[in-house]
$ cat run00.pdb   # PDB, C-alpha atoms
ATOM      1  CA  MET A   1       0.000   0.000   0.000
ATOM      2  CA  SER A   2       1.467   3.325  -1.077
ATOM      3  CA  LEU A   3       1.370   6.511   0.951
ATOM      4  CA  HIS A   4       0.503   9.882  -0.553
ATOM      5  CA  GLU A   5       3.271  12.426  -0.389
ATOM      6  CA  PRO A   6       2.682  16.195  -0.393
ATOM      7  CA  GLY A   7       1.685  17.234  -3.873
ATOM      8  CA  ASP A   8      -0.141  13.965  -4.659
ATOM      9  CA  ASP A   9      -3.680  14.219  -6.000
ATOM     10  CA  ALA A  10      -5.310  13.016  -2.778
ATOM     11  CA  GLU A  11      -8.419  14.947  -1.816
ATOM     12  CA  PRO A  12      -7.662  17.544   0.877
ATOM     13  CA  ARG A  13      -9.162  16.834   4.255
ATOM     14  CA  GLY A  14     -11.166  19.436   6.132
ATOM     15  CA  PRO A  15     -10.796  20.184   9.841
ATOM     16  CA  ARG A  16     -11.428  17.162  12.015
ATOM     17  CA  GLY A  17     -14.737  17.272  13.891
ATOM     18  CA  ILE A  18     -16.617  15.182  16.444
ATOM     19  CA  GLN A  19     -18.916  12.832  14.586
ATOM     20  CA  SER A  20     -21.339  12.279  17.463
ATOM     21  CA  ILE A  21     -22.039  16.020  17.663
ATOM     22  CA  GLU A  22     -22.655  16.161  13.931
ATOM     23  CA  VAL A  23     -25.040  13.192  14.152
ATOM     24  CA  GLY A  24     -26.914  14.630  17.117
ATOM     25  CA  GLY A  25     -27.096  17.987  15.384
ATOM     26  CA  GLN A  26     -29.453  16.431  12.828
ATOM     27  CA  LEU A  27     -32.076  16.249  15.583
ATOM     28  CA  LEU A  28     -31.748  19.979  16.255
ATOM     29  CA  LEU A  29     -31.976  20.687  12.541
ATOM     30  CA  ALA A  30     -35.145  18.585  12.325
ATOM     31  CA  LEU A  31     -36.712  20.530  15.209
ATOM     32  CA  ALA A  32     -35.789  23.852  13.629
ATOM     33  CA  HIS A  33     -37.132  22.729  10.251
ATOM     34  CA  HIS A  34     -40.531  21.625  11.569
ATOM     35  CA  GLY A  35     -40.866  24.613  13.887
ATOM     36  CA  ARG A  36     -42.942  22.787  16.507
ATOM     37  CA  PRO A  37     -42.485  20.082  19.189
ATOM     38  CA  LEU A  38     -42.449  16.540  17.820
ATOM     39  CA  PRO A  39     -42.900  13.034  19.250
ATOM     40  CA  LEU A  40     -39.760  10.933  19.431
ATOM     41  CA  LYS A  41     -40.569   8.739  16.436
ATOM     42  CA  ASP A  42     -41.294  11.702  14.145
ATOM     43  CA  LEU A  43     -38.248  13.616  15.316
ATOM     44  CA  ALA A  44     -36.016  10.583  14.806
ATOM     45  CA  ARG A  45     -37.451  10.044  11.331
ATOM     46  CA  GLY A  46     -36.799  13.694  10.450
ATOM     47  CA  ALA A  47     -33.161  13.248  11.510
ATOM     48  CA  GLY A  48     -32.766  10.011   9.581
ATOM     49  CA  MET A  49     -32.279   7.707  12.577
ATOM     50  CA  VAL A  50     -34.210   5.194  14.647
ATOM     51  CA  PRO A  51     -35.809   6.294  17.950
ATOM     52  CA  ALA A  52     -33.455   4.148  20.049
ATOM     53  CA  LYS A  53     -30.491   6.002  18.598
ATOM     54  CA  ALA A  54     -32.107   9.442  18.878
ATOM     55  CA  HIS A  55     -33.176   9.140  22.530
ATOM     56  CA  PRO A  56     -29.717   9.326  24.206
ATOM     57  CA  TYR A  57     -28.889  12.443  22.206
ATOM     58  CA  LEU A  58     -32.133  14.060  23.330
ATOM     59  CA  VAL A  59     -31.398  13.217  26.971
ATOM     60  CA  SER A  60     -28.033  14.988  26.721
ATOM     61  CA  PHE A  61     -29.523  17.942  24.856
ATOM     62  CA  GLN A  62     -32.120  18.292  27.636
ATOM     63  CA  LYS A  63     -29.404  18.424  30.277
ATOM     64  CA  VAL A  64     -27.728  21.411  28.633
ATOM     65  CA  GLY A  65     -30.976  23.162  27.696
ATOM     66  CA  LEU A  66     -30.895  22.728  23.929
ATOM     67  CA  VAL A  67     -34.035  20.555  23.997
ATOM     68  CA  ALA A  68     -37.053  20.515  26.305
ATOM     69  CA  GLN A  69     -39.687  17.788  26.640
ATOM     70  CA  ASP A  70     -43.337  18.631  27.211
ATOM     71  CA  ALA A  71     -44.512  16.500  30.151
ATOM     72  CA  PRO A  72     -48.166  15.908  29.136
ATOM     73  CA  SER A  73     -47.487  14.978  25.487
ATOM     74  CA  GLY A  74     -43.875  13.775  25.700
ATOM     75  CA  HIS A  75     -43.076  15.822  22.589
ATOM     76  CA  TYR A  76     -39.631  17.364  22.176
ATOM     77  CA  GLY A  77     -39.061  21.025  21.320
ATOM     78  CA  LEU A  78     -36.232  23.522  21.421
ATOM     79  CA  GLY A  79     -35.086  24.341  24.952
ATOM     80  CA  PRO A  80     -34.231  27.608  26.715
ATOM     81  CA  LEU A  81     -30.567  27.597  25.706
ATOM     82  CA  ALA A  82     -31.503  27.147  22.055
ATOM     83  CA  LEU A  83     -33.931  30.072  22.301
ATOM     84  CA  GLN A  84     -31.317  32.286  23.961
ATOM     85  CA  MET A  85     -28.783  31.404  21.288
ATOM     86  CA  GLY A  86     -31.332  32.229  18.599
ATOM     87  CA  LEU A  87     -32.059  35.665  20.066
ATOM     88  CA  ILE A  88     -28.375  36.471  20.443
ATOM     89  CA  GLY A  89     -27.773  35.336  16.881
ATOM     90  CA  LEU A  90     -30.514  37.626  15.578
ATOM     91  CA  GLN A  91     -29.026  40.588  17.439
ATOM     92  CA  GLN A  92     -25.731  39.992  15.635
ATOM     93  CA  TYR A  93     -27.329  40.138  12.187
ATOM     94  CA  ASP A  94     -27.737  43.678  10.945
ATOM     95  CA  PRO A  95     -29.819  43.701   7.728
ATOM     96  CA  LEU A  96     -27.835  46.481   6.063
ATOM     97  CA  ARG A  97     -24.482  44.916   6.879
ATOM     98  CA  LEU A  98     -25.569  41.596   5.415
ATOM     99  CA  ALA A  99     -27.248  43.088   2.360
ATOM    100  CA  THR A 100     -24.503  45.491   1.251
ATOM    101  CA  PRO A 101     -22.130  42.861  -0.225
ATOM    102  CA  LEU A 102     -25.152  41.071  -1.682
ATOM    103  CA  ILE A 103     -26.218  44.003  -3.840
ATOM    104  CA  GLU A 104     -22.641  44.386  -5.096
ATOM    105  CA  GLU A 105     -22.731  40.747  -6.252
ATOM    106  CA  LEU A 106     -26.159  41.186  -7.838
ATOM    107  CA  ALA A 107     -25.147  44.349  -9.690
ATOM    108  CA  GLU A 108     -22.122  42.569 -11.137
ATOM    109  CA  SER A 109     -23.897  39.339 -12.072
ATOM    110  CA  LEU A 110     -27.013  41.005 -13.527
ATOM    111  CA  GLY A 111     -25.207  43.964 -15.112
ATOM    112  CA  LEU A 112     -27.865  46.241 -13.591
ATOM    113  CA  THR A 113     -27.988  48.806 -10.793
ATOM    114  CA  VAL A 114     -29.223  47.349  -7.495
ATOM    115  CA  ALA A 115     -30.328  49.362  -4.463
ATOM    116  CA  LEU A 116     -31.566  48.871  -0.911
ATOM    117  CA  ALA A 117     -34.512  50.807   0.482
ATOM    118  CA  MET A 118     -35.710  51.141   4.073
ATOM    119  CA  TRP A 119     -38.778  52.855   5.495
ATOM    120  CA  GLY A 120     -37.897  56.313   6.796
ATOM    121  CA  ASN A 121     -39.945  59.082   8.362
ATOM    122  CA  ARG A 122     -40.899  60.376   4.888
ATOM    123  CA  GLY A 123     -41.387  57.024   3.169
ATOM    124  CA  PRO A 124     -39.227  54.394   1.416
ATOM    125  CA  THR A 125     -35.681  55.741   1.344
ATOM    126  CA  ILE A 126     -32.654  54.555  -0.629
ATOM    127  CA  VAL A 127     -29.841  53.636   1.784
ATOM    128  CA  ARG A 128     -27.367  51.752  -0.435
ATOM    129  CA  VAL A 129     -26.693  51.687  -4.196
ATOM    130  CA  ALA A 130     -24.490  49.303  -6.169
ATOM    131  CA  GLU A 131     -23.909  50.585  -9.689
ATOM    132  CA  ALA A 132     -23.675  48.335 -12.707
ATOM    133  CA  ALA A 133     -20.639  48.517 -14.993
ATOM    134  CA  THR A 134     -22.721  50.866 -17.151
ATOM    135  CA  PRO A 135     -24.712  52.748 -14.483
ATOM    136  CA  VAL A 136     -28.217  54.027 -15.028
ATOM    137  CA  HIS A 137     -28.302  57.753 -14.399
ATOM    138  CA  VAL A 138     -31.494  58.060 -12.399
ATOM    139  CA  THR A 139     -32.215  59.632  -9.035
ATOM    140  CA  MET A 140     -31.259  56.729  -6.755
ATOM    141  CA  ARG A 141     -28.693  58.357  -4.539
ATOM    142  CA  HIS A 142     -28.455  57.645  -0.827
ATOM    143  CA  GLY A 143     -31.268  59.422   0.977
ATOM    144  CA  THR A 144     -33.630  59.610  -2.006
ATOM    145  CA  VAL A 145     -37.268  59.135  -0.952
ATOM    146  CA  MET A 146     -39.108  56.979  -3.494
ATOM    147  CA  SER A 147     -42.650  57.641  -4.671
ATOM    148  CA  LEU A 148     -45.162  55.126  -3.336
ATOM    149  CA  ARG A 149     -47.251  55.346  -6.482
ATOM    150  CA  ASP A 150     -44.637  55.457  -9.245
ATOM    151  CA  THR A 151     -41.621  53.374  -8.132
ATOM    152  CA  ALA A 152     -41.115  49.665  -7.547
ATOM    153  CA  SER A 153     -39.552  50.316  -4.134
ATOM    154  CA  GLY A 154     -42.468  52.494  -3.100
ATOM    155  CA  ARG A 155     -45.088  50.019  -4.270
ATOM    156  CA  LEU A 156     -43.370  47.237  -2.356
ATOM    157  CA  PHE A 157     -43.581  49.139   0.937
ATOM    158  CA  ALA A 158     -47.111  50.348   0.215
ATOM    159  CA  ALA A 159     -48.247  46.751  -0.237
ATOM    160  CA  LEU A 160     -46.457  45.112   2.671
ATOM    161  CA  LEU A 161     -46.233  47.666   5.491
ATOM    162  CA  PRO A 162     -49.044  47.845   8.086
ATOM    163  CA  PRO A 163     -51.615  50.521   7.116
ATOM    164  CA  GLU A 164     -51.020  52.468  10.329
ATOM    165  CA  ARG A 165     -47.363  53.025   9.429
ATOM    166  CA  LEU A 166     -48.357  54.273   5.988
ATOM    167  CA  ARG A 167     -50.956  56.561   7.544
ATOM    168  CA  GLU A 168     -48.321  58.117   9.815
ATOM    169  CA  ALA A 169     -46.248  59.133   6.792
ATOM    170  CA  LEU A 170     -48.945  59.931   4.230
ATOM    171  CA  GLY A 171     -52.029  61.081   6.114
ATOM    172  CA  ALA A 172     -54.847  61.831   3.660
ATOM    173  CA  GLY A 173     -52.602  60.839   0.761
ATOM    174  CA  LEU A 174     -53.279  57.220   1.658
ATOM    175  CA  ASP A 175     -56.965  57.705   0.825
ATOM    176  CA  GLU A 176     -56.041  58.822  -2.699
ATOM    177  CA  LEU A 177     -54.050  55.635  -3.232
ATOM    178  CA  ALA A 178     -56.934  53.567  -1.865
ATOM    179  CA  ALA A 179     -59.168  54.988  -4.617
ATOM    180  CA  ASP A 180     -56.692  54.132  -7.389
ATOM    181  CA  ALA A 181     -57.932  50.808  -8.823
ATOM    182  CA  PRO A 182     -54.822  49.929 -10.924
ATOM    183  CA  PHE A 183     -52.592  50.751  -7.962
ATOM    184  CA  GLN A 184     -54.665  48.535  -5.664
ATOM    185  CA  GLN A 185     -54.416  45.670  -8.172
ATOM    186  CA  ALA A 186     -50.624  46.067  -8.146
ATOM    187  CA  MET A 187     -50.763  45.920  -4.329
ATOM    188  CA  ALA A 188     -52.762  42.674  -4.471
ATOM    189  CA  ASP A 189     -50.226  41.112  -6.861
ATOM    190  CA  ILE A 190     -47.335  42.016  -4.530
ATOM    191  CA  ARG A 191     -49.136  40.601  -1.493
ATOM    192  CA  ALA A 192     -49.681  37.413  -3.493
ATOM    193  CA  GLY A 193     -45.911  37.042  -3.835
ATOM    194  CA  GLN A 194     -45.116  38.791  -7.105
ATOM    195  CA  PRO A 195     -42.273  41.332  -7.308
ATOM    196  CA  ALA A 196     -43.173  45.018  -7.309
ATOM    197  CA  ARG A 197     -42.670  46.500 -10.772
ATOM    198  CA  ALA A 198     -42.460  49.905 -12.426
ATOM    199  CA  GLU A 199     -42.284  50.309 -16.189
ATOM    200  CA  GLY A 200     -41.041  53.807 -16.917
ATOM    201  CA  ASP A 201     -43.474  55.348 -14.430
ATOM    202  CA  ALA A 202     -40.904  57.516 -12.657
ATOM    203  CA  VAL A 203     -38.387  57.899 -15.511
ATOM    204  CA  PRO A 204     -39.382  57.091 -19.134
ATOM    205  CA  GLY A 205     -37.534  54.077 -20.500
ATOM    206  CA  ILE A 206     -36.274  52.976 -17.091
ATOM    207  CA  HIS A 207     -37.764  49.840 -15.528
ATOM    208  CA  ALA A 208     -37.449  48.574 -11.966
ATOM    209  CA  LEU A 209     -38.312  45.486  -9.966
ATOM    210  CA  ALA A 210     -38.317  45.203  -6.150
ATOM    211  CA  VAL A 211     -38.571  42.241  -3.775
ATOM    212  CA  PRO A 212     -38.990  42.133   0.027
ATOM    213  CA  VAL A 213     -36.560  41.141   2.772
ATOM    214  CA  PHE A 214     -38.263  40.019   6.003
ATOM    215  CA  ASP A 215     -37.043  39.646   9.579
ATOM    216  CA  SER A 216     -37.756  36.816  12.035
ATOM    217  CA  GLY A 217     -41.223  38.211  12.758
ATOM    218  CA  GLY A 218     -42.187  38.356   9.081
ATOM    219  CA  ARG A 219     -41.868  42.157   9.002
ATOM    220  CA  LEU A 220     -40.592  43.971   5.923
ATOM    221  CA  VAL A 221     -37.175  45.442   6.776
ATOM    222  CA  LEU A 222     -35.600  46.071   3.364
ATOM    223  CA  GLY A 223     -36.605  46.438  -0.249
ATOM    224  CA  LEU A 224     -34.152  44.934  -2.737
ATOM    225  CA  THR A 225     -34.535  46.840  -6.020
ATOM    226  CA  VAL A 226     -32.995  46.377  -9.462
ATOM    227  CA  VAL A 227     -33.102  49.176 -12.044
ATOM    228  CA  GLY A 228     -32.184  49.255 -15.722
ATOM    229  CA  PRO A 229     -33.159  50.295 -19.246
ATOM    230  CA  GLY A 230     -36.375  48.722 -20.453
ATOM    231  CA  ALA A 231     -34.503  46.787 -23.145
ATOM    232  CA  ALA A 232     -32.133  45.244 -20.588
ATOM    233  CA  ILE A 233     -34.462  44.150 -17.797
ATOM    234  CA  ASP A 234     -37.258  41.577 -18.008
ATOM    235  CA  LEU A 235     -39.947  42.516 -15.496
ATOM    236  CA  GLY A 236     -41.854  39.252 -15.870
ATOM    237  CA  PRO A 237     -42.494  37.528 -12.510
ATOM    238  CA  GLN A 238     -41.090  34.288 -13.936
ATOM    239  CA  GLY A 239     -38.125  35.937 -15.665
ATOM    240  CA  ALA A 240     -34.446  35.426 -14.861
ATOM    241  CA  VAL A 241     -34.080  38.803 -13.114
ATOM    242  CA  ALA A 242     -37.104  38.246 -10.864
ATOM    243  CA  HIS A 243     -35.944  34.731 -10.030
ATOM    244  CA  ARG A 244     -32.433  35.862  -9.095
ATOM    245  CA  MET A 245     -33.706  38.764  -6.992
ATOM    246  CA  GLN A 246     -36.294  36.664  -5.155
ATOM    247  CA  GLN A 247     -33.721  33.960  -4.518
ATOM    248  CA  ALA A 248     -31.312  36.512  -3.014
ATOM    249  CA  ALA A 249     -34.028  38.182  -0.905
ATOM    250  CA  GLN A 250     -35.241  34.862   0.468
ATOM    251  CA  ALA A 251     -31.708  33.773   1.410
ATOM    252  CA  LEU A 252     -31.126  37.099   3.179
ATOM    253  CA  SER A 253     -34.489  36.852   4.979
ATOM    254  CA  GLN A 254     -33.616  33.381   6.221
ATOM    255  CA  ARG A 255     -30.326  34.692   7.616
ATOM    256  CA  LEU A 256     -32.398  37.246   9.533
ATOM    257  CA  GLY A 257     -34.508  34.479  11.053
ATOM    258  CA  TRP A 258     -37.477  34.483   8.661
ATOM    259  CA  ARG A 259     -38.951  31.120   7.823
ATOM    260  CA  VAL A 260     -41.418  30.146   5.121
ATOM    261  CA  ARG A 261     -44.741  29.390   6.774
ATOM    262  CA  ALA A 262     -46.246  26.087   5.703
TER     263      ALA A 262
END

$ encode --input "run00.pdb" --output "structure tokens"
Amino acid sequence: MSLHEPGDDAEPRGPRGIQSIEVGGQLLLALAHHGRPLPLKDLARGAGMVPAKAHPYLVSFQKVGLVAQDAPSGHYGLGPLALQMGLIGLQQYDPLRLATPLIEELAESLGLTVALAMWGNRGPTIVRVAEAATPVHVTMRHGTVMSLRDTASGRLFAALLPPERLREALGAGLDELAADAPFQQAMADIRAGQPARAEGDAVPGIHALAVPVFDSGGRLVLGLTVVGPGAAIDLGPQGAVAHRMQQAAQALSQRLGWRVRA
């Protein structure tokens, strides 16, 4: 039997871990995935092991607070230590910090300008911009407040923010939007999961598409917006641009603790 010397084509080995922790971790992943307490047999099945193998891991996890067992039902759920770790983890994730490198990657891969918007005291406000190699010269500088009626970013926030927050910023202007039938149809499409779109409404020939980023409570915290010439950006909800933007927004939302509700 020959030994591999440095420089041989043997596959590099990663850092050595503790296999039992990795195996037991599948139980925690199964609990997190289902989002509710589970009986032993279902939890073991979700982790890909038999109940007799899963039980000792659960006993140890209970001792350190990662798992808790409900006495009446016997179901297992996440314990107090797991909840504390989750809260601390969320506090460490700042949406803007996480999203800033993401929009740089999107701008480069799509060849389009990508921006981040947050809700400010005057409405949806641009807080970060990543220019494409051939930037679109539109008013999307930091601090720009976007129109609720005429921009993709604005329509996104108008559709997904609680009405009371919109009322605080718009007052009677909200009633005008409520009477606008095409605008209300666009709101319904966004709430149904479609991207917010604007086809030259704010600037002729310039199209935009915006998708939401949610936090752990399902609240809209950022709007991820892509802007480009009408000939260069497909606004279709099933198009490549929409798919890439929604994929990025969902991944960012999940990092912030959001989870798709079954």

$ closest_residue --input "run00.pdb" --among "A:Arg244, A:Met187, A:Gly193, A:Pro95" --to "A:Phe214" --atoms "all atoms listed in the file"
A:Pro95

$ resolve_selection --input "run00.pdb" --expression "the PyMOL selection byres ((chain A and resi 194) around 10)" --output "list in words"
Leu156, Ala186, Met187, Ala188, Asp189, Ile190, Arg191, Ala192, Gly193, Pro195, Ala196, Arg197, Leu209, Ala210, Val211, Pro212, Gly236, Pro237, Gln238, Ala242 and Gln246 of chain A

$ write_last_selection --input "run00.pdb" --atoms "C-alpha atoms" --output "mmCIF file, keeping the file's coordinate frame"
data_model
loop_
_atom_site.group_PDB
_atom_site.id
_atom_site.type_symbol
_atom_site.label_atom_id
_atom_site.label_comp_id
_atom_site.auth_asym_id
_atom_site.auth_seq_id
_atom_site.Cartn_x
_atom_site.Cartn_y
_atom_site.Cartn_z
ATOM 1 C CA LEU A 156 -43.370 47.237 -2.356
ATOM 2 C CA ALA A 186 -50.624 46.067 -8.146
ATOM 3 C CA MET A 187 -50.763 45.920 -4.329
ATOM 4 C CA ALA A 188 -52.762 42.674 -4.471
ATOM 5 C CA ASP A 189 -50.226 41.112 -6.861
ATOM 6 C CA ILE A 190 -47.335 42.016 -4.530
ATOM 7 C CA ARG A 191 -49.136 40.601 -1.493
ATOM 8 C CA ALA A 192 -49.681 37.413 -3.493
ATOM 9 C CA GLY A 193 -45.911 37.042 -3.835
ATOM 10 C CA PRO A 195 -42.273 41.332 -7.308
ATOM 11 C CA ALA A 196 -43.173 45.018 -7.309
ATOM 12 C CA ARG A 197 -42.670 46.500 -10.772
ATOM 13 C CA LEU A 209 -38.312 45.486 -9.966
ATOM 14 C CA ALA A 210 -38.317 45.203 -6.150
ATOM 15 C CA VAL A 211 -38.571 42.241 -3.775
ATOM 16 C CA PRO A 212 -38.990 42.133 0.027
ATOM 17 C CA GLY A 236 -41.854 39.252 -15.870
ATOM 18 C CA PRO A 237 -42.494 37.528 -12.510
ATOM 19 C CA GLN A 238 -41.090 34.288 -13.936
ATOM 20 C CA ALA A 242 -37.104 38.246 -10.864
ATOM 21 C CA GLN A 246 -36.294 36.664 -5.155
#

$ resolve_selection --input "run00.pdb" --expression "the PyMOL selection byres ((chain A and resi 126-129) around 8)" --output "mmCIF file with C-alpha atoms, in the coordinates of the input"
data_model
loop_
_atom_site.group_PDB
_atom_site.id
_atom_site.type_symbol
_atom_site.label_atom_id
_atom_site.label_comp_id
_atom_site.auth_asym_id
_atom_site.auth_seq_id
_atom_site.Cartn_x
_atom_site.Cartn_y
_atom_site.Cartn_z
ATOM 1 C CA THR A 100 -24.503 45.491 1.251
ATOM 2 C CA ILE A 103 -26.218 44.003 -3.840
ATOM 3 C CA THR A 113 -27.988 48.806 -10.793
ATOM 4 C CA VAL A 114 -29.223 47.349 -7.495
ATOM 5 C CA ALA A 115 -30.328 49.362 -4.463
ATOM 6 C CA LEU A 116 -31.566 48.871 -0.911
ATOM 7 C CA ALA A 117 -34.512 50.807 0.482
ATOM 8 C CA MET A 118 -35.710 51.141 4.073
ATOM 9 C CA PRO A 124 -39.227 54.394 1.416
ATOM 10 C CA THR A 125 -35.681 55.741 1.344
ATOM 11 C CA ALA A 130 -24.490 49.303 -6.169
ATOM 12 C CA GLU A 131 -23.909 50.585 -9.689
ATOM 13 C CA MET A 140 -31.259 56.729 -6.755
ATOM 14 C CA ARG A 141 -28.693 58.357 -4.539
ATOM 15 C CA HIS A 142 -28.455 57.645 -0.827
ATOM 16 C CA GLY A 143 -31.268 59.422 0.977
ATOM 17 C CA THR A 144 -33.630 59.610 -2.006
ATOM 18 C CA VAL A 145 -37.268 59.135 -0.952
ATOM 19 C CA MET A 146 -39.108 56.979 -3.494
#

$ residues_near_point --input "run00.pdb" --point "(-44.1, 58.2, -6.3)" --cutoff "12 Å" --atoms "only C-alpha atoms" --output "list in words"
Arg122, Gly123, Pro124, Thr125, Thr144, Val145, Met146, Ser147, Leu148, Arg149, Asp150, Thr151, Ala152, Ser153, Gly154, Arg155, Leu156, Phe157, Ala158, Leu170, Gly173, Leu177, Phe183, Ala198, Gly200, Asp201, Ala202 and Val203 of chain A

$ residues_near_point --input "run00.pdb" --point "(-35.8, 28.9, 7.9)" --cutoff "12 Å" --atoms "only C-alpha atoms" --output "PyMOL selection string"
chain A and resi 29-35+214-218+250-262

$ atom_distance --input "run00.pdb" --atom1 "atom CA of A:Ala248" --atom2 "atom CA of A:Leu161"
20.5 Å

$ atom_distance --input "run00.pdb" --atom1 "atom CA of A:Gly79" --atom2 "atom CA of A:Ala52"
20.8 Å

$ closest_residue --input "run00.pdb" --among "A:Ala82, A:Met49, A:Leu38, A:Val226" --to "A:Gln69" --atoms "all atoms listed in the file"
A:Leu38

$ residues_around --input "run00.pdb" --residues "A:Phe61" --least-positions-apart "2" --cutoff "12 Å" --atoms "all atoms listed in the file" --output "list in words"
Ile21, Gly24, Gly25, Leu27, Leu28, Ala54, His55, Pro56, Tyr57, Leu58, Val59, Lys63, Val64, Gly65, Leu66, Val67, Ala68, Gln69, Tyr76, Gly77, Leu78, Gly79, Pro80, Leu81 and Ala82 of chain A

$ resolve_selection --input "run00.pdb" --expression "the PyMOL selection byres ((chain A and resi 75) around 10)" --output "list in words"
Arg36, Pro37, Leu38, Pro39, Leu40, Lys41, Asp42, Leu43, Ala68, Gln69, Asp70, Ala71, Pro72, Ser73, Gly74, Tyr76 and Gly77 of chain A

$ atom_distance --input "run00.pdb" --atom1 "atom CA of A:Leu220" --atom2 "atom CA of A:Met245"
15.5 Å

$ closest_residue --input "run00.pdb" --among "A:Leu102, A:Ile233, A:Ile18, A:Ala249" --to "A:Val213" --atoms "all atoms listed in the file"
A:Ala249
